[in-house]
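Student: What follows is final.cif, made up of mmCIF, C-alpha atoms:
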data_start
loop_
_atom_site.label_atom_id
_atom_site.label_comp_id
_atom_site.auth_asym_id
_atom_site.auth_seq_id
_atom_site.Cartn_x
_atom_site.Cartn_y
_atom_site.Cartn_z
CA MET A 1416 81.44 116.04 90.38
CA SER A 1417 79.18 118.60 91.99
CA LYS A 1418 79.84 122.31 91.78
CA GLU A 1419 78.95 122.60 95.47
CA THR A 1420 81.67 120.18 96.53
CA LEU A 1421 84.29 121.94 94.41
CA GLU A 1422 83.23 125.24 95.96
CA TRP A 1423 83.40 123.71 99.43
CA LEU A 1424 86.93 122.38 98.97
CA ASN A 1425 88.14 125.65 97.45
CA GLN A 1426 86.68 127.69 100.32
CA ASN A 1427 86.98 125.30 103.29
CA THR A 1428 90.43 123.84 102.75
CA LEU A 1429 93.75 125.67 103.00
CA ILE A 1430 96.73 124.40 100.98
CA GLY A 1431 100.30 125.45 101.72
CA PHE A 1432 103.76 125.10 100.17
CA THR A 1433 102.47 125.46 96.59
CA GLU A 1434 105.96 126.43 95.42
CA LYS A 1435 106.99 122.88 96.34
CA ARG A 1436 103.87 120.86 95.56
CA GLY A 1437 101.89 122.94 93.05
CA THR A 1438 98.16 123.55 93.42
CA ALA A 1439 95.83 120.91 94.82
CA TRP A 1440 94.20 118.73 92.17
CA HIS A 1441 90.77 120.16 93.06
CA PHE A 1442 91.94 123.79 92.66
CA HIS A 1443 89.47 125.94 90.68
CA ARG A 1444 90.08 129.68 90.49
CA GLY A 1445 86.41 130.44 89.90
CA HIS A 1446 85.41 128.80 93.21
CA GLN A 1447 87.99 130.49 95.43
CA GLY A 1448 85.63 133.01 97.02
CA THR A 1449 86.91 136.27 98.52
CA GLU A 1450 90.28 134.81 99.62
CA ALA A 1451 92.59 132.43 97.83
CA ASN A 1452 93.00 129.16 99.69
CA HIS A 1453 96.53 128.42 98.41
CA TYR A 1454 99.73 129.67 100.05
CA THR A 1455 103.24 129.65 98.59
CA GLY A 1456 104.65 128.86 102.04
CA ALA A 1457 103.17 127.40 105.21
CA VAL A 1458 99.52 128.03 106.08
CA PRO A 1459 99.48 130.54 108.97
CA VAL A 1460 97.99 129.13 112.16
CA GLY A 1461 95.94 132.31 112.52
CA ASP A 1462 94.33 131.73 109.14
CA VAL A 1463 93.32 128.20 110.12
CA ARG A 1464 91.66 129.55 113.26
CA ARG A 1465 89.97 132.46 111.47
CA ARG A 1466 88.90 130.78 108.25
CA LEU A 1467 88.10 127.23 109.40
CA PHE A 1468 87.81 126.91 113.18
CA ASP A 1469 86.20 130.22 114.15
CA TRP A 1470 83.08 128.55 115.57
CA GLU A 1471 82.13 126.07 118.27
CA ALA A 1472 80.27 122.78 118.32
CA VAL A 1473 77.43 123.54 120.74
CA PRO A 1474 75.49 120.78 122.56
CA SER A 1475 71.73 120.94 122.02
CA GLU A 1476 68.75 119.00 123.34
CA VAL A 1477 67.16 116.41 121.10
CA TYR A 1478 63.38 116.28 120.86
CA VAL A 1479 61.29 113.37 119.62
CA LYS A 1480 57.59 113.24 118.88
CA SER A 1481 55.85 111.14 121.51
CA PRO A 1482 53.74 108.35 120.01
CA LEU A 1483 51.36 108.72 122.98
CA THR A 1484 50.72 112.46 123.07
CA GLY A 1485 51.92 113.54 119.63
CA ARG A 1486 53.96 116.28 121.31
CA PRO A 1487 57.74 116.82 121.13
CA GLU A 1488 59.57 115.60 124.22
CA ILE A 1489 63.25 115.72 125.21
CA ASP A 1490 65.18 112.51 124.57
CA PRO A 1491 67.35 112.10 127.71
CA ASP A 1492 69.61 109.56 125.98
CA LYS A 1493 70.73 111.79 123.11
CA VAL A 1494 72.49 115.10 122.65
CA ALA A 1495 73.10 116.90 119.34
CA PHE A 1496 76.13 119.01 118.49
CA CYS A 1497 75.52 121.93 116.17
CA ARG A 1498 77.67 124.63 114.58
CA SER A 1499 77.44 127.90 116.51
CA ASP A 1500 77.73 129.97 113.32
CA THR A 1501 75.34 128.22 110.92
CA GLY A 1502 73.22 126.09 113.27
CA ARG A 1503 73.95 122.99 111.17
CA THR A 1504 73.58 119.72 113.10
CA LEU A 1505 76.83 117.78 113.01
CA GLY A 1506 75.96 114.60 114.91
CA TYR A 1507 73.93 112.89 117.64
CA PHE A 1508 75.54 111.23 120.67
CA SER A 1509 74.95 109.75 124.10
CA PRO A 1510 75.37 112.13 127.08
CA GLY A 1511 78.85 110.68 127.83
CA TYR A 1512 80.30 111.94 124.56
CA GLU A 1513 83.33 114.20 125.09
CA PRO A 1514 83.80 116.77 122.29
CA HIS A 1515 87.26 117.42 120.89
CA PRO A 1516 87.23 121.06 119.71
CA TYR A 1517 89.17 121.48 116.49
CA ALA A 1518 91.34 124.41 117.59
CA GLU A 1519 92.40 122.57 120.74
CA TRP A 1520 92.99 119.07 119.36
CA LEU A 1521 94.22 119.88 115.84
CA LEU A 1522 96.24 123.02 116.56
CA HIS A 1523 97.20 123.39 120.21
CA LYS A 1524 97.76 119.72 121.06
CA VAL A 1525 99.56 119.04 117.77
CA SER A 1526 101.94 121.91 118.51
CA LEU A 1527 102.91 120.11 121.73
CA LEU A 1528 103.92 117.01 119.78
CA LEU A 1529 106.13 118.55 117.14
CA ASP A 1530 109.38 120.39 116.65
CA SER A 1531 109.06 124.13 116.15
CA ASP A 1532 110.29 124.12 112.54
CA LEU A 1533 107.41 121.99 111.25
CA SER A 1534 104.55 123.96 109.72
CA ILE A 1535 100.96 123.52 108.55
CA GLY A 1536 100.84 122.22 104.98
CA SER A 1537 97.09 121.83 104.71
CA ALA A 1538 93.90 122.02 106.77
CA GLY A 1539 90.25 121.62 105.99
CA LEU A 1540 86.66 120.85 106.85
CA LEU A 1541 84.50 118.11 105.33
CA ARG A 1542 80.84 117.08 105.61
CA GLY A 1543 79.70 120.58 106.43
CA GLY A 1544 82.27 120.91 109.21
CA ALA A 1545 81.58 117.53 110.83
CA VAL A 1546 85.10 116.31 109.98
CA ALA A 1547 88.34 118.32 110.14
CA TRP A 1548 92.05 117.78 109.59
CA VAL A 1549 95.37 119.57 109.89
CA SER A 1550 98.54 118.32 108.19
CA VAL A 1551 101.93 119.36 109.56
CA GLU A 1552 104.80 119.06 107.11
CA VAL A 1553 108.49 119.62 106.51
CA PRO A 1554 109.23 122.66 104.31
CA GLU A 1555 111.05 120.79 101.51
CA ASN A 1556 110.07 117.96 99.19
CA VAL A 1557 111.97 114.71 99.48
CA VAL A 1558 113.17 113.06 96.24
CA THR A 1559 114.28 109.44 96.23
CA PRO A 1560 117.05 108.16 93.92
CA GLU A 1561 114.27 106.45 91.93
CA GLY A 1562 112.67 109.82 91.16
CA VAL A 1563 109.70 109.62 93.57
CA THR A 1564 108.97 113.09 94.99
CA PHE A 1565 107.00 113.08 98.23
CA ARG A 1566 106.16 115.06 101.35
CA PRO A 1567 106.08 113.31 104.74
CA HIS A 1568 103.67 114.78 107.26
CA LEU A 1569 101.74 114.28 110.45
CA LEU A 1570 98.01 114.13 109.77
CA ALA A 1571 95.74 115.07 112.66
CA ALA A 1572 91.99 114.56 112.19
CA THR A 1573 88.81 114.37 114.24
CA SER A 1574 85.05 114.61 113.84
CA PHE A 1575 81.79 115.79 115.34
CA ASP A 1576 79.61 113.22 113.56
CA GLY A 1577 80.95 110.07 115.23
CA SER A 1578 82.73 108.86 112.10
CA LEU A 1579 86.27 109.33 113.38
CA SER A 1580 88.14 109.21 116.66
CA THR A 1581 90.75 111.92 117.05
CA THR A 1582 93.65 110.45 115.09
CA TYR A 1583 97.31 111.40 114.76
CA LYS A 1584 99.15 109.47 112.07
CA ARG A 1585 102.19 109.73 109.86
CA ALA A 1586 101.33 109.97 106.17
CA ILE A 1587 102.79 110.60 102.71
CA THR A 1588 101.76 112.88 99.85
CA ASN A 1589 103.05 111.83 96.43
CA VAL A 1590 103.71 115.17 94.73
CA VAL A 1591 103.63 114.00 91.09
CA CYS A 1592 99.94 113.06 91.32
CA ASP A 1593 98.87 114.87 94.52
CA ASN A 1594 97.84 111.51 95.97
CA THR A 1595 97.98 110.41 99.58
CA MET A 1596 99.93 107.16 99.98
CA SER A 1597 100.22 104.84 102.93
CA ALA A 1598 103.18 105.37 105.19
CA ALA A 1599 102.89 101.64 105.86
CA LEU A 1600 104.73 101.07 102.58
CA ALA A 1601 107.83 102.05 104.53
CA GLU A 1602 107.49 100.35 107.90
CA ALA A 1603 104.64 100.18 110.38
CA GLY A 1604 102.32 103.10 109.68
CA GLU A 1605 102.22 104.45 113.22
CA GLU A 1606 99.07 106.18 114.40
CA LEU A 1607 97.38 107.02 117.67
CA ARG A 1608 93.63 107.28 118.24
CA PHE A 1609 91.76 109.05 121.04
CA LYS A 1610 88.13 108.18 121.69
CA HIS A 1611 85.75 111.00 122.53
CA SER A 1612 85.70 110.15 126.22
CA ARG A 1613 86.71 111.85 129.46
CA ASN A 1614 89.93 109.83 129.71
CA SER A 1615 91.28 110.76 126.28
CA ALA A 1616 93.15 113.96 127.17
CA GLY A 1617 95.47 112.21 129.63
CA ARG A 1618 96.89 109.96 126.91
CA LEU A 1619 98.29 112.78 124.80
CA LEU A 1620 101.80 112.39 126.21
CA GLU A 1621 101.91 108.93 124.62
CA ALA A 1622 101.65 110.42 121.17
CA ARG A 1623 105.10 111.89 120.67
CA ASP A 1624 106.94 108.63 121.28
CA ALA A 1625 104.32 106.49 119.55
CA LEU A 1626 104.33 108.54 116.36
CA GLY A 1627 108.04 109.14 116.17
CA LEU A 1628 109.42 112.02 114.16
CA VAL A 1629 108.08 113.13 110.79
CA TYR A 1630 111.69 113.44 109.68
CA ARG A 1631 112.27 109.76 110.38
CA LEU A 1632 109.37 108.89 108.08
CA ALA A 1633 111.24 110.45 105.14
CA ASP A 1634 114.10 108.00 105.58
CA GLU A 1635 111.77 105.04 106.11
CA PHE A 1636 109.62 105.80 103.07
CA THR A 1637 112.72 106.36 100.91
CA GLU A 1638 113.96 102.91 101.91
CA GLY A 1639 110.53 101.41 101.24
CA VAL A 1640 110.36 102.92 97.75
CA ALA A 1641 113.87 101.69 96.96
CA HIS A 1642 112.93 98.17 98.06
CA LEU A 1643 109.76 98.14 95.95
CA CYS A 1644 111.55 99.58 92.92
CA ARG A 1645 114.09 96.73 93.08
CA VAL A 1646 111.30 94.16 92.76
CA ASP A 1647 110.73 93.43 89.06
CA VAL A 1648 107.22 92.87 87.72
CA SER A 1649 107.09 91.42 84.21
CA ASP A 1650 104.25 91.93 81.74
CA ARG A 1651 103.07 88.40 82.47
CA GLN A 1652 103.07 89.08 86.21
CA TRP A 1653 101.20 92.35 85.60
CA GLN A 1654 98.47 90.36 83.83
CA GLN A 1655 98.38 87.93 86.75
CA PHE A 1656 98.02 90.86 89.12
CA LEU A 1657 95.11 92.22 87.07
CA ASP A 1658 93.44 88.80 87.19
CA ALA A 1659 93.62 88.91 91.00
CA HIS A 1660 92.91 92.61 91.51
CA ALA A 1661 90.21 93.07 88.83
CA GLU A 1662 88.87 89.60 88.16
CA LEU A 1663 87.22 89.25 84.76
CA PRO A 1664 83.85 87.44 84.88
CA GLU A 1665 83.42 84.77 82.21
CA GLU A 1666 79.82 85.70 81.44
CA LYS A 1667 79.10 88.76 79.35
CA GLY A 1668 77.26 91.58 81.05
CA ARG A 1669 77.72 94.77 83.02
CA GLY A 1670 80.17 93.20 85.48
CA ARG A 1671 82.48 92.04 82.69
CA THR A 1672 82.25 95.42 80.93
CA LEU A 1673 83.21 97.30 84.11
CA ALA A 1674 86.08 94.92 84.83
CA LEU A 1675 87.42 95.34 81.29
CA LYS A 1676 87.31 99.13 81.59
CA LYS A 1677 89.12 99.00 84.92
CA ARG A 1678 91.83 96.71 83.56
CA GLU A 1679 92.27 98.91 80.47
CA ALA A 1680 92.57 102.06 82.62
CA LEU A 1681 95.09 100.45 84.96
CA THR A 1682 97.17 99.19 82.03
CA ARG A 1683 97.15 102.63 80.39
CA LEU A 1684 98.45 104.16 83.64
CA TRP A 1685 101.00 101.36 84.01
CA THR A 1686 102.45 101.81 80.52
CA ASP A 1687 101.83 105.39 79.37
CA ASP A 1688 100.90 107.80 82.18
CA GLU A 1689 103.66 110.09 83.48
CA ARG A 1690 102.39 109.61 87.04
CA VAL A 1691 103.04 105.86 86.88
CA ALA A 1692 105.03 104.84 83.79
CA PRO A 1693 108.45 105.96 85.13
CA TRP A 1694 108.21 103.00 87.53
CA HIS A 1695 106.79 100.56 84.97
CA GLY A 1696 108.06 97.05 85.58
CA THR A 1697 108.44 97.42 89.35
CA ALA A 1698 106.36 96.68 92.42
CA PHE A 1699 106.23 100.39 93.22
CA GLY A 1700 104.76 101.02 89.76
CA VAL A 1701 101.95 98.57 90.50
CA ILE A 1702 101.10 100.34 93.75
CA GLN A 1703 101.28 103.73 92.06
CA ALA A 1704 98.97 102.57 89.24
CA VAL A 1705 96.26 101.34 91.60
CA ASN A 1706 96.57 104.36 93.90
CA THR A 1707 96.37 106.84 90.99
CA TYR A 1708 93.46 105.01 89.37
CA THR A 1709 91.51 105.00 92.63
CA HIS A 1710 92.15 108.69 93.31
CA HIS A 1711 91.48 110.06 89.83
CA GLU A 1712 89.56 107.61 87.62
CA GLN A 1713 87.57 105.02 89.57
CA THR A 1714 83.81 105.47 89.57
CA VAL A 1715 82.60 107.08 92.80
CA ARG A 1716 79.25 106.17 94.35
CA GLY A 1717 77.48 107.82 97.28
CA ALA A 1718 79.78 110.86 97.26
CA THR A 1719 81.68 113.11 94.90
CA ARG A 1720 85.31 112.39 94.03
CA PRO A 1721 86.76 115.38 95.97
CA GLU A 1722 84.89 114.40 99.13
CA ARG A 1723 85.72 110.71 98.75
CA ASN A 1724 89.45 111.36 98.26
CA ALA A 1725 89.67 113.77 101.18
CA LEU A 1726 87.79 111.43 103.51
CA ARG A 1727 89.86 108.44 102.37
CA ALA A 1728 93.01 110.28 103.47
CA VAL A 1729 91.79 111.13 106.97
CA THR A 1730 89.86 107.92 107.73
CA GLY A 1731 92.56 105.43 106.78
CA GLY A 1732 91.13 104.25 103.46
CA VAL A 1733 94.43 105.02 101.73
CA ASP A 1734 96.28 102.64 104.04
CA GLU A 1735 93.77 99.88 103.32
CA LEU A 1736 94.07 100.49 99.57
CA ASP A 1737 97.87 100.43 99.34
CA VAL A 1738 98.33 97.55 101.77
CA ALA A 1739 95.72 95.48 99.89
CA THR A 1740 97.61 96.15 96.64
CA VAL A 1741 100.88 95.01 98.23
CA ASN A 1742 99.26 91.86 99.60
CA THR A 1743 97.73 90.97 96.23
CA LEU A 1744 101.03 91.54 94.44
CA SER A 1745 102.87 89.53 97.09
CA ALA A 1746 100.66 86.54 96.35
CA VAL A 1747 101.25 86.90 92.60
CA LEU A 1748 105.02 87.15 93.01
CA ASP A 1749 105.09 84.63 95.87
CA ARG A 1750 107.18 87.04 97.93
CA THR A 1751 106.45 87.40 101.62
CA ASP A 1752 108.89 90.31 102.01
CA LEU A 1753 106.51 92.62 100.14
CA ALA A 1754 103.75 91.86 102.62
CA ARG A 1755 106.12 92.57 105.51
CA ALA A 1756 106.94 95.96 103.98
CA ALA A 1757 103.24 96.79 104.23
#
Written as structure tokens, how would this file's structure read?
Tutor:
Amino acid sequence: MSKETLEWLNQNTLIGFTEKRGTAWHFHRGHQGTEANHYTGAVPVGDVRRRLFDWEAVPSEVYVKSPLTGRPEIDPDKVAFCRSDTGRTLGYFSPGYEPHPYAEWLLHKVSLLLDSDLSIGSAGLLRGGAVAWVSVEVPENVVTPEGVTFRPHLLAATSFDGSLSTTYKRAITNVVCDNTMSAALAEAGEELRFKHSRNSAGRLLEARDALGLVYRLADEFTEGVAHLCRVDVSDRQWQQFLDAHAELPEEKGRGRTLALKKREALTRLWTDDERVAPWHGTAFGVIQAVNTYTHHEQTVRGATRPERNALRAVTGGVDELDVATVNTLSAVLDRTDLARAA
């Protein structure tokens, strides 16, 4: 894990409601900079504007070296967007690209979708400012009868590097492990995407009805957890799940060694870890084991763990992970109702 990425997350993300959720898993007091990035209550909107969004993405001409003259010439088919404060290039686009400024699309437009008593629980920048998110949450944790503590929220995210359409989606934070989980474990994980085009702004009014209320998600996820906790998973079925999820190659070698380590780590979480073991023997425990392993223990390539986890939350990778786990377990248990829950 790079020091630079830890410093970035501690200085370019803002985390609220720490009295309810504790500090973020990447919290490091030595990397906080001149201002702490954790708040006991909601993150003030003014702080998000001042500390994260106090700059513009400015269009700039793109020059290429002509193979004929050897001189730089303007490329009429490309435009670059750069940060107005640091000059950093965020992405390259065709002239028809429509920027979605962070303050407008992640603060102002989100405020039009939500009830007044919902507040910012977290916000941040990734990839040097090329990706941004704002999470709007209810003030209190929700605790299910099965002991799962979670926070439902609306996650709004967009980008200036072409990696992400502006997206509004309902999501879940599991407080015990500070993991993002898929809201699709409850019912359909509703989300709405806006392409960076001239027609995107007119579709905003669709969002409120399409997303539903964040409060409703609490009830839906509670029901989903209860359903999954009622589904028993025996030790034999756990081994069958491992065979499907982390197949063990017959031949000795690096692949077999890695698979064995993964299976051992998952089993340790399943049986002994306080983030998973309370739901040992249930379908929810299986999902929690895989989700926790992926967030905190799985080898990360091509990025650091903090960046990978943050990007997974805003790009939809968490939904793919949890739904894939449910589908694999459904096949092992021969139960189609688990797949429908996802």
Student: Can you turn the PyMOL selection byres ((chain A and resi 1539) around 8) into a concrete residue list for this file, as a ChimeraX atom specification?
Tutor: /A:1424,1427-1429,1467,1537-1538,1540-1541,1547-1549
Student: Check the smallest atom-to-atom distance from each of A:Leu1632, A:Ala1451, A:Gly1731, A:Glu1689 to A:Ser1580 using all atoms listed in the file, then report the winner.
Tutor: A:Gly1731
Student: Using all atoms listed in the file, find the one residue out of A:Ala1704, A:Val1646, A:Leu1673, A:Val1458 that sits nearest to A:Ser1745.
Tutor: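 Of A:Ala1704, A:Val1646, A:Leu1673, A:Val1458, the one nearest A:Ser1745, counting all atoms listed in the file, is A:Val1646.
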Student: Could you tell me, as JSON, numbers by chain, exactly which residues end up selected when the PyMOL selection byres ((chain A and resi 1638) around 12) is applied to this structure?
Tutor: {"A": [1558, 1559, 1560, 1561, 1563, 1598, 1599, 1600, 1601, 1602, 1631, 1632, 1633, 1634, 1635, 1636, 1637, 1639, 1640, 1641, 1642, 1643, 1644, 1645, 1699, 1756]}
Student: Suppose you want the space between atom CA of A:Arg1542 and atom CA of A:Leu1736; what is it in Å?
Tutor: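 These atoms are spaced 22.1 Å apart.
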Student: Which of these, A:Thr1504, A:Thr1740, A:Thr1438, A:Gln1713, has the shortest distance to A:Asp1593 once you count only C-alpha atoms?
Tutor: A:Thr1438
Student: I need the residue set behind the PyMOL selection byres ((chain A and resi 1519) around 12) for this file; please write it as a VMD selection string.
Tutor: chain A and resid 1464 1468 to 1469 1471 1514 to 1518 1520 to 1527 1549 1571 to 1573 1581 1616
Student: Could you pull the residues within 6 Å of A:Arg1566, counting all atoms listed in the file, minus those fewer than 6 positions along the same chain, as a JSON list (two decimals) with C-alpha atoms, in the frame of the given file?
Tutor:
[["chain", "number", "residue", "atom", "x", "y", "z"],
["A", 1556, "ASN", "CA", 110.07, 117.96, 99.19],
["A", 1587, "ILE", "CA", 102.79, 110.60, 102.71],
["A", 1588, "THR", "CA", 101.76, 112.88, 99.85]]
Student: Kindly give the distance, in Å, that separates atom CA of A:Thr1697 and atom CA of A:His1441, rounded to a single decimal.
Tutor: 29.0 Å
Student: Would you mind listing what lies within 12 Å of A:Thr1501 as a list of chain:residue names, with only C-alpha atoms counted and same-chain residues fewer than 6 positions away left out?
Tutor: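 Using only C-alpha atoms, the neighbours found are A:Asp1469, A:Trp1470, A:Glu1471, A:Ala1472, A:Val1473, A:Gly1543, A:Gly1544.
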Student: Please supply stretch 1447-1471 of chain A, rebuilt with N, CA, C and O atoms, as an mmCIF file, in the frame of the given file.
Tutor:
data_model
loop_
_atom_site.group_PDB
_atom_site.id
_atom_site.type_symbol
_atom_site.label_atom_id
_atom_site.label_comp_id
_atom_site.auth_asym_id
_atom_site.auth_seq_id
_atom_site.Cartn_x
_atom_site.Cartn_y
_atom_site.Cartn_z
ATOM 1 N N GLN A 1447 87.140 130.125 94.306
ATOM 2 C CA GLN A 1447 87.990 130.490 95.430
ATOM 3 C C GLN A 1447 87.307 131.404 96.453
ATOM 4 O O GLN A 1447 87.733 131.461 97.595
ATOM 5 N N GLY A 1448 86.279 132.109 96.070
ATOM 6 C CA GLY A 1448 85.630 133.010 97.020
ATOM 7 C C GLY A 1448 86.418 134.303 97.166
ATOM 8 O O GLY A 1448 87.165 134.713 96.272
ATOM 9 N N THR A 1449 86.282 134.966 98.314
ATOM 10 C CA THR A 1449 86.910 136.270 98.520
ATOM 11 C C THR A 1449 88.390 136.180 98.856
ATOM 12 O O THR A 1449 89.121 137.156 98.722
ATOM 13 N N GLU A 1450 88.867 135.010 99.304
ATOM 14 C CA GLU A 1450 90.280 134.810 99.620
ATOM 15 C C GLU A 1450 90.776 133.546 98.948
ATOM 16 O O GLU A 1450 90.090 132.527 98.938
ATOM 17 N N ALA A 1451 91.976 133.627 98.395
ATOM 18 C CA ALA A 1451 92.590 132.430 97.830
ATOM 19 C C ALA A 1451 92.904 131.443 98.949
ATOM 20 O O ALA A 1451 93.264 131.833 100.062
ATOM 21 N N ASN A 1452 92.749 130.160 98.651
ATOM 22 C CA ASN A 1452 93.000 129.160 99.690
ATOM 23 C C ASN A 1452 94.353 128.474 99.525
ATOM 24 O O ASN A 1452 94.662 127.516 100.222
ATOM 25 N N HIS A 1453 95.198 128.979 98.621
ATOM 26 C CA HIS A 1453 96.530 128.420 98.410
ATOM 27 C C HIS A 1453 97.589 129.399 98.892
ATOM 28 O O HIS A 1453 97.463 130.614 98.702
ATOM 29 N N TYR A 1454 98.639 128.867 99.492
ATOM 30 C CA TYR A 1454 99.730 129.670 100.050
ATOM 31 C C TYR A 1454 101.056 129.160 99.489
ATOM 32 O O TYR A 1454 101.272 127.947 99.427
ATOM 33 N N THR A 1455 101.943 130.074 99.116
ATOM 34 C CA THR A 1455 103.240 129.650 98.590
ATOM 35 C C THR A 1455 104.097 129.002 99.668
ATOM 36 O O THR A 1455 104.897 128.120 99.388
ATOM 37 N N GLY A 1456 103.930 129.454 100.911
ATOM 38 C CA GLY A 1456 104.650 128.860 102.040
ATOM 39 C C GLY A 1456 103.691 128.127 102.954
ATOM 40 O O GLY A 1456 102.646 127.619 102.523
ATOM 41 N N ALA A 1457 104.024 128.075 104.239
ATOM 42 C CA ALA A 1457 103.170 127.400 105.210
ATOM 43 C C ALA A 1457 101.856 128.138 105.393
ATOM 44 O O ALA A 1457 101.776 129.365 105.204
ATOM 45 N N VAL A 1458 100.810 127.410 105.756
ATOM 46 C CA VAL A 1458 99.520 128.030 106.080
ATOM 47 C C VAL A 1458 99.625 128.640 107.477
ATOM 48 O O VAL A 1458 99.947 127.926 108.438
ATOM 49 N N PRO A 1459 99.393 129.943 107.639
ATOM 50 C CA PRO A 1459 99.480 130.540 108.970
ATOM 51 C C PRO A 1459 98.458 129.937 109.935
ATOM 52 O O PRO A 1459 97.303 129.707 109.556
ATOM 53 N N VAL A 1460 98.894 129.677 111.158
ATOM 54 C CA VAL A 1460 97.990 129.130 112.160
ATOM 55 C C VAL A 1460 96.788 130.051 112.361
ATOM 56 O O VAL A 1460 95.646 129.592 112.501
ATOM 57 N N GLY A 1461 97.036 131.359 112.348
ATOM 58 C CA GLY A 1461 95.940 132.310 112.520
ATOM 59 C C GLY A 1461 94.888 132.206 111.442
ATOM 60 O O GLY A 1461 93.697 132.405 111.707
ATOM 61 N N ASP A 1462 95.297 131.889 110.222
ATOM 62 C CA ASP A 1462 94.330 131.730 109.140
ATOM 63 C C ASP A 1462 93.484 130.479 109.333
ATOM 64 O O ASP A 1462 92.291 130.456 108.992
ATOM 65 N N VAL A 1463 94.098 129.410 109.847
ATOM 66 C CA VAL A 1463 93.320 128.200 110.120
ATOM 67 C C VAL A 1463 92.258 128.487 111.168
ATOM 68 O O VAL A 1463 91.092 128.093 111.013
ATOM 69 N N ARG A 1464 92.635 129.200 112.222
ATOM 70 C CA ARG A 1464 91.660 129.550 113.260
ATOM 71 C C ARG A 1464 90.558 130.438 112.703
ATOM 72 O O ARG A 1464 89.366 130.214 112.959
ATOM 73 N N ARG A 1465 90.937 131.463 111.947
ATOM 74 C CA ARG A 1465 89.970 132.460 111.470
ATOM 75 C C ARG A 1465 89.072 131.918 110.372
ATOM 76 O O ARG A 1465 87.859 132.139 110.387
ATOM 77 N N ARG A 1466 89.647 131.179 109.436
ATOM 78 C CA ARG A 1466 88.900 130.780 108.250
ATOM 79 C C ARG A 1466 88.184 129.441 108.396
ATOM 80 O O ARG A 1466 87.189 129.192 107.714
ATOM 81 N N LEU A 1467 88.685 128.568 109.290
ATOM 82 C CA LEU A 1467 88.100 127.230 109.400
ATOM 83 C C LEU A 1467 87.509 126.930 110.773
ATOM 84 O O LEU A 1467 86.433 126.322 110.866
ATOM 85 N N PHE A 1468 88.196 127.334 111.833
ATOM 86 C CA PHE A 1468 87.810 126.910 113.180
ATOM 87 C C PHE A 1468 87.231 128.028 114.021
ATOM 88 O O PHE A 1468 87.203 127.923 115.247
ATOM 89 N N ASP A 1469 86.729 129.084 113.413
ATOM 90 C CA ASP A 1469 86.200 130.220 114.150
ATOM 91 C C ASP A 1469 84.731 130.014 114.522
ATOM 92 O O ASP A 1469 83.865 130.847 114.237
ATOM 93 N N TRP A 1470 84.419 128.867 115.098
ATOM 94 C CA TRP A 1470 83.080 128.550 115.570
ATOM 95 C C TRP A 1470 83.191 127.404 116.568
ATOM 96 O O TRP A 1470 84.255 126.796 116.704
ATOM 97 N N GLU A 1471 82.122 127.146 117.288
ATOM 98 C CA GLU A 1471 82.130 126.070 118.270
ATOM 99 C C GLU A 1471 81.066 125.040 117.938
ATOM 100 O O GLU A 1471 80.062 125.351 117.278
#
